[in-house]
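Remarks on the structure that follows.
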Amino acid sequence: MTSVAVLGAGAGGTAATVQLLLDGHDVCLWNRSEGVLEAFRRAGGVRYEGRLGEGVAEPGMLTTDLRAALGGAEVALVCLPAFAQPAIFEWLAAAGASVPLVLNPGGVGGSLEAREVFRGRGVLLPPLAELSTLTFVARKYAPETVVVSGVAERVWGAALPGGAEALSAAGELYPSVTLAPDVLFTGLSNVNLVLHPPGAILAAAWIEATLGGFRFYAEGMTSGVARVLEGLDAERLAVGRAFDHDLPSLAAEMAAIGTADRVAAARGDLLEAIRGGAVNARIPAPGSLEHRYYREDFAFGLLPFTALAAAARIPVPVAASLLRLGTVLRGAELGHGRSAERMGVSGI
């Protein structure tokens, strides 16, 4: 049994809380907003349904006090969207966090940004590991309930130098974790980097007109969208090779995680592999341009990816075009995103 602080009470954090409690671990669930936690207090815990069964899981503590959450923990899981990570990194550094940290997931460059935040504050970075993708496919359709439609069958895990303790803890909590060479490998294995931006751009009019009234993966994926996905994925694989990493293709990665049709993936049919993935089949499209597919996967997916590509001197015109279109589409610059400077790779 391990004492775990789960940081973040969204779909990922609540799914992690449920599974950890079912596995017999002690869990403290932290969230910045008391209002979010109050919904669980009224329900007697986190209600859950789907792949983990149905019931109510009751954490040992629900708190907005970060120091209290970390105080009794043997490991802390950061289960937050990438756009929320910069703030939690600042708060962890300000709290002098020393407990091993696992980013579930790390996104593209998450560990690198965390290192820069701690370094900038003059605080010793605790053991830090990251996972390539969230260990669940989950959504919160009600404030007190998480619906888990899938559990990842394989995710990549890696640590920054000195992070072996955090990586070991991740492996103990999640047997699906497979060791990767480094955090560039895990970051570039982030499937959402490739999976979301093409559909988000090419279906933007449909999304705004219907407020997300269609299934993003089952209906929003067409042959044209798939060709853009393949172009973007080819750039990702090229950047990986520049860093001496032979990354699996998007179809192969999704099949290994368990979110794609394995037969279609094996024959190289990306479109049918995505369409045929039962785990994602019923997930709706974004309801607006404020959805995390826009807020997260451009500023914290494509932006750091293009920064790594520039460091490797690999041209990525598809990624750069999608990034620019996403910026214009939302009418907001990406100065808040994960830039080369924020990852500590500027000028290399």
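Lettering and numbering for the structure tokens are positional, with chains as A, B, ... in the shown order, residues counted from 1 in each chain, and ligands counted from 1 in the shown order.
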Margin query: Using only C-alpha atoms, which protein or nucleic acid residues come within 10 Å of stretch 135-141 of chain A? Drop anything in the same chain fewer than 4 positions from it, and give the result as number ranges by chain.
Written below: A: 9-16, 19, 48-51, 79, 104-105, 131, 145-155, 174, 176-177, 257-259, 279-280, 283
Item checked: Selection near A:Ala251, 7 Å with only C-alpha atoms, sequence-local residues under 6 positions removed, as a list in words -> Ala265, Leu270 and Ala273 of chain A
Check: Looking at A:Val228, A:Ile314, A:Ala218, A:Asp297, which one is nearest to A:Asp261, with distances taken over only C-alpha atoms?
Finding: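 Of A:Val228, A:Ile314, A:Ala218, A:Asp297, the one nearest A:Asp261, counting only C-alpha atoms, is A:Ala218.
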Next item on the list: One decimal, Å: what's the distance from atom CA of A:Ala309 over to atom CA of A:Asp246, could you say?
Entry: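 Atom CA of A:Asp246 lies 15.2 Å from atom CA of A:Ala309.
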Check: Could you name the residues that touch stretch 56-64 of chain A at 8 Å or less, counting only C-alpha atoms, but leaving out those on the same chain fewer than 5 positions away, as an NGL selection string?
Finding: :A and (17-18 or 21-22 or 26-34 or 37 or 44-48 or 69)
Margin query: Can you pull out every residue from stretch 228-284 of chain A that DSSP, working from the backbone, puts in alpha helix (DSSP H), and format the result as an MDAnalysis selection string?
Written below: chainID A and resid 228:242 250:257 262:266 270:275
Notebook entry, point to check: Skipping near chain neighbours, those fewer than 6 positions away, what residues fall within 9 Å of stretch 310-312 of chain A using only C-alpha atoms, listed as an NGL selection string?
Noted result: :A and (239 or 242-243 or 340 or 345-348)
Next item on the list: Tell me which of A:Glu253, A:Glu38, A:Glu74, A:Glu54 sits closest to A:Ala169, counting only C-alpha atoms.
Entry: A:Glu74
Next item on the list: Would you work out the distance separating atom CA of A:Pro304 from atom CA of A:Met343, expressed in Å to one decimal?
Entry: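 Atom CA of A:Met343 lies at a distance of 8.0 Å from atom CA of A:Pro304.
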Notebook entry, point to check: In Å to one decimal, how far is atom CA of A:Ala158 from atom CA of A:Asp182?
Noted result: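 Between atom CA of A:Asp182 and atom CA of A:Ala158 the gap works out to 5.2 Å.
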Item checked: All strand (DSSP E or B) positions in stretch 5-175 of chain A, as a PyMOL selection string -> chain A and resi 5-7+26-30+46-50+55-57+61-63+75-78+101-103+128-131+136-142+145-151+155-159
Next item on the list: Give me the residues within 12 Å of A:Ala166 as a ChimeraX atom specification, counting only C-alpha atoms and dropping any in the same chain fewer than 4 places off.
Entry: /A:4,74-78,98-104,125-131,157-162,170-173
Please produce a file of the residues just selected, as a compact mmCIF listing (two decimals), in the first residue's frame, where the atoms kept are N, CA and C atoms.
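So part34.txt came out as:
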```txt
# COMPACT_ATOMS: atom_id res chain seq x y z
N VAL A 4 -0.66 8.17 -1.63
CA VAL A 4 -0.53 8.94 -2.87
C VAL A 4 -1.31 10.24 -2.76
N GLU A 74 3.79 9.49 -0.11
CA GLU A 74 5.04 8.87 -0.56
C GLU A 74 5.34 9.20 -2.01
N VAL A 75 4.32 9.56 -2.75
CA VAL A 75 4.46 9.97 -4.15
C VAL A 75 3.28 10.88 -4.49
N ALA A 76 3.52 11.84 -5.38
CA ALA A 76 2.45 12.73 -5.82
C ALA A 76 2.26 12.57 -7.32
N LEU A 77 1.00 12.38 -7.73
CA LEU A 77 0.65 12.28 -9.13
C LEU A 77 0.06 13.61 -9.58
N VAL A 78 0.68 14.23 -10.57
CA VAL A 78 0.13 15.46 -11.14
C VAL A 78 -0.76 15.06 -12.31
N SER A 98 9.28 17.93 -1.87
CA SER A 98 10.41 17.01 -1.93
C SER A 98 9.97 15.59 -2.24
N VAL A 99 8.67 15.32 -2.20
CA VAL A 99 8.14 14.00 -2.49
C VAL A 99 8.33 13.69 -3.98
N PRO A 100 8.61 12.45 -4.35
CA PRO A 100 8.72 12.11 -5.77
C PRO A 100 7.45 12.50 -6.54
N LEU A 101 7.64 13.10 -7.72
CA LEU A 101 6.53 13.57 -8.54
C LEU A 101 6.43 12.75 -9.81
N VAL A 102 5.21 12.40 -10.19
CA VAL A 102 4.94 11.71 -11.45
C VAL A 102 3.92 12.54 -12.22
N LEU A 103 4.29 12.98 -13.42
CA LEU A 103 3.36 13.70 -14.28
C LEU A 103 2.57 12.67 -15.07
N ASN A 104 1.27 12.62 -14.83
CA ASN A 104 0.41 11.64 -15.48
C ASN A 104 -0.73 12.37 -16.20
N LEU A 125 14.93 20.32 -7.29
CA LEU A 125 13.89 19.53 -7.96
C LEU A 125 13.81 18.15 -7.33
N PRO A 126 12.63 17.71 -6.90
CA PRO A 126 12.50 16.35 -6.36
C PRO A 126 12.60 15.33 -7.49
N PRO A 127 12.72 14.05 -7.15
CA PRO A 127 12.69 13.02 -8.20
C PRO A 127 11.46 13.21 -9.07
N LEU A 128 11.66 13.26 -10.39
CA LEU A 128 10.56 13.60 -11.30
C LEU A 128 10.52 12.65 -12.48
N ALA A 129 9.35 12.05 -12.69
CA ALA A 129 9.12 11.17 -13.84
C ALA A 129 7.86 11.61 -14.55
N GLU A 130 7.70 11.19 -15.79
CA GLU A 130 6.50 11.52 -16.55
C GLU A 130 6.05 10.33 -17.36
N LEU A 131 4.75 10.29 -17.64
CA LEU A 131 4.15 9.27 -18.49
C LEU A 131 3.76 9.90 -19.81
N GLY A 157 7.12 5.49 -19.77
CA GLY A 157 7.53 6.26 -18.60
C GLY A 157 9.01 6.54 -18.64
N ALA A 158 9.39 7.74 -18.25
CA ALA A 158 10.80 8.12 -18.21
C ALA A 158 10.99 9.15 -17.11
N ALA A 159 12.24 9.34 -16.69
CA ALA A 159 12.54 10.28 -15.63
C ALA A 159 13.68 11.19 -16.04
N LEU A 160 13.69 12.38 -15.44
CA LEU A 160 14.87 13.21 -15.55
C LEU A 160 16.00 12.58 -14.73
N PRO A 161 17.24 12.92 -15.00
CA PRO A 161 18.34 12.40 -14.17
C PRO A 161 18.06 12.64 -12.69
N GLY A 162 18.23 11.60 -11.90
CA GLY A 162 17.93 11.69 -10.47
C GLY A 162 16.50 11.33 -10.13
N ALA A 170 5.98 5.10 -10.18
CA ALA A 170 5.01 5.06 -11.27
C ALA A 170 4.78 3.63 -11.73
N GLY A 171 5.86 2.86 -11.84
CA GLY A 171 5.74 1.47 -12.26
C GLY A 171 5.00 0.61 -11.26
N GLU A 172 5.17 0.91 -9.97
CA GLU A 172 4.46 0.15 -8.94
C GLU A 172 2.97 0.45 -8.95
N LEU A 173 2.63 1.70 -9.20
CA LEU A 173 1.21 2.08 -9.23
C LEU A 173 0.53 1.63 -10.52
```
Notebook entry, point to check: Which is closer to A:Phe216 than all the others in A:Leu195, A:Ala73, A:Leu302, A:Ala114, using only C-alpha atoms?
Noted result: A:Leu195
Item checked: Spatial neighbours of A:Ala93, max dist 12 Å, only C-alpha atoms, sep filter under 4 positions, as a list in words -> Leu66, Arg67, Pro86, Ala87, Ile88, Phe89, Ala97, Ser98, Val99, Leu101, Ala114, Arg115, Glu116, Val117, Phe118, Arg119, Gly120, Arg121, Gly122, Val123, Leu124, Leu125 and Pro126 of chain A
I need the residues from that last selection saved to file as an mmCIF file, in the first residue's frame (with N, CA, C and O atoms), if you can.
```cif
data_model
loop_
_atom_site.group_PDB
_atom_site.id
_atom_site.type_symbol
_atom_site.label_atom_id
_atom_site.label_comp_id
_atom_site.auth_asym_id
_atom_site.auth_seq_id
_atom_site.Cartn_x
_atom_site.Cartn_y
_atom_site.Cartn_z
ATOM 1 N N LEU A 66 -2.139 22.449 -0.459
ATOM 2 C CA LEU A 66 -1.143 21.639 -1.156
ATOM 3 C C LEU A 66 -0.130 21.043 -0.190
ATOM 4 O O LEU A 66 0.250 19.874 -0.320
ATOM 5 N N ARG A 67 0.313 21.818 0.775
ATOM 6 C CA ARG A 67 1.290 21.297 1.740
ATOM 7 C C ARG A 67 0.711 20.142 2.540
ATOM 8 O O ARG A 67 1.392 19.160 2.825
ATOM 9 N N PRO A 86 1.914 24.682 -15.622
ATOM 10 C CA PRO A 86 2.819 25.745 -15.170
ATOM 11 C C PRO A 86 2.471 26.261 -13.774
ATOM 12 O O PRO A 86 3.362 26.502 -12.958
ATOM 13 N N ALA A 87 1.181 26.422 -13.491
ATOM 14 C CA ALA A 87 0.778 26.921 -12.171
ATOM 15 C C ALA A 87 1.114 25.917 -11.078
ATOM 16 O O ALA A 87 1.652 26.293 -10.024
ATOM 17 N N ILE A 88 0.817 24.634 -11.301
ATOM 18 C CA ILE A 88 1.096 23.652 -10.244
ATOM 19 C C ILE A 88 2.593 23.502 -10.037
ATOM 20 O O ILE A 88 3.062 23.293 -8.907
ATOM 21 N N PHE A 89 3.394 23.656 -11.088
ATOM 22 C CA PHE A 89 4.845 23.615 -10.913
ATOM 23 C C PHE A 89 5.303 24.759 -10.006
ATOM 24 O O PHE A 89 6.143 24.571 -9.124
ATOM 25 N N ALA A 97 8.323 21.280 -2.406
ATOM 26 C CA ALA A 97 7.975 19.859 -2.531
ATOM 27 C C ALA A 97 9.221 18.991 -2.663
ATOM 28 O O ALA A 97 10.108 19.283 -3.461
ATOM 29 N N SER A 98 9.278 17.935 -1.871
ATOM 30 C CA SER A 98 10.406 17.008 -1.931
ATOM 31 C C SER A 98 9.968 15.585 -2.237
ATOM 32 O O SER A 98 10.794 14.717 -2.523
ATOM 33 N N VAL A 99 8.671 15.324 -2.199
ATOM 34 C CA VAL A 99 8.135 14.000 -2.490
ATOM 35 C C VAL A 99 8.325 13.694 -3.982
ATOM 36 O O VAL A 99 8.269 14.606 -4.811
ATOM 37 N N LEU A 101 7.641 13.097 -7.717
ATOM 38 C CA LEU A 101 6.534 13.575 -8.542
ATOM 39 C C LEU A 101 6.430 12.752 -9.814
ATOM 40 O O LEU A 101 7.443 12.453 -10.449
ATOM 41 N N ALA A 114 8.971 21.811 -15.763
ATOM 42 C CA ALA A 114 9.009 21.701 -14.302
ATOM 43 C C ALA A 114 10.425 21.964 -13.790
ATOM 44 O O ALA A 114 10.619 22.686 -12.797
ATOM 45 N N ARG A 115 11.415 21.396 -14.446
ATOM 46 C CA ARG A 115 12.807 21.609 -14.044
ATOM 47 C C ARG A 115 13.174 23.085 -14.091
ATOM 48 O O ARG A 115 13.827 23.613 -13.180
ATOM 49 N N GLU A 116 12.732 23.786 -15.136
ATOM 50 C CA GLU A 116 13.053 25.210 -15.264
ATOM 51 C C GLU A 116 12.368 26.031 -14.181
ATOM 52 O O GLU A 116 12.944 26.996 -13.671
ATOM 53 N N VAL A 117 11.140 25.680 -13.809
ATOM 54 C CA VAL A 117 10.427 26.410 -12.761
ATOM 55 C C VAL A 117 11.150 26.258 -11.427
ATOM 56 O O VAL A 117 11.387 27.245 -10.705
ATOM 57 N N PHE A 118 11.505 25.042 -11.070
ATOM 58 C CA PHE A 118 12.208 24.816 -9.809
ATOM 59 C C PHE A 118 13.569 25.515 -9.827
ATOM 60 O O PHE A 118 13.974 26.127 -8.834
ATOM 61 N N ARG A 119 14.259 25.418 -10.945
ATOM 62 C CA ARG A 119 15.559 26.063 -11.067
ATOM 63 C C ARG A 119 15.425 27.573 -10.923
ATOM 64 O O ARG A 119 16.239 28.222 -10.254
ATOM 65 N N GLY A 120 14.397 28.140 -11.544
ATOM 66 C CA GLY A 120 14.200 29.582 -11.469
ATOM 67 C C GLY A 120 13.915 30.070 -10.064
ATOM 68 O O GLY A 120 14.240 31.214 -9.719
ATOM 69 N N ARG A 121 13.303 29.227 -9.246
ATOM 70 C CA ARG A 121 13.012 29.594 -7.859
ATOM 71 C C ARG A 121 14.146 29.225 -6.915
ATOM 72 O O ARG A 121 14.067 29.481 -5.711
ATOM 73 N N GLY A 122 15.196 28.593 -7.448
ATOM 74 C CA GLY A 122 16.307 28.186 -6.596
ATOM 75 C C GLY A 122 15.956 27.064 -5.650
ATOM 76 O O GLY A 122 16.515 26.950 -4.557
ATOM 77 N N VAL A 123 15.001 26.212 -6.075
ATOM 78 C CA VAL A 123 14.529 25.104 -5.247
ATOM 79 C C VAL A 123 15.005 23.789 -5.849
ATOM 80 O O VAL A 123 14.960 23.603 -7.073
ATOM 81 N N LEU A 124 15.463 22.885 -5.007
ATOM 82 C CA LEU A 124 15.919 21.577 -5.474
ATOM 83 C C LEU A 124 14.757 20.800 -6.077
ATOM 84 O O LEU A 124 13.705 20.650 -5.455
ATOM 85 N N LEU A 125 14.933 20.324 -7.293
ATOM 86 C CA LEU A 125 13.890 19.528 -7.958
ATOM 87 C C LEU A 125 13.807 18.148 -7.330
ATOM 88 O O LEU A 125 14.826 17.447 -7.216
ATOM 89 N N PRO A 126 12.629 17.712 -6.896
ATOM 90 C CA PRO A 126 12.503 16.351 -6.363
ATOM 91 C C PRO A 126 12.600 15.330 -7.489
ATOM 92 O O PRO A 126 12.601 15.689 -8.669
#
```
Margin query: Please list as a PyMOL selection string every residue within 9 Å of A:Leu303, counting only C-alpha atoms and excluding residues in the same chain fewer than 6 positions away.
Written below: chain A and resi 108+297+319-320+323+334+337-340
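When only C-alpha atoms are used to compute distances to A:Ala234, the closest of the residues A:Val194, A:Ala285, A:Ala264, A:Ala332 turns out to be A:Val194.
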Notebook entry, point to check: For A:Gly24, which residue among A:Ser3, A:Phe40, A:Ala226, A:Ala84 is the nearest when counting only C-alpha atoms?
Noted result: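 That would be A:Ser3, the residue with the smallest distance to A:Gly24.
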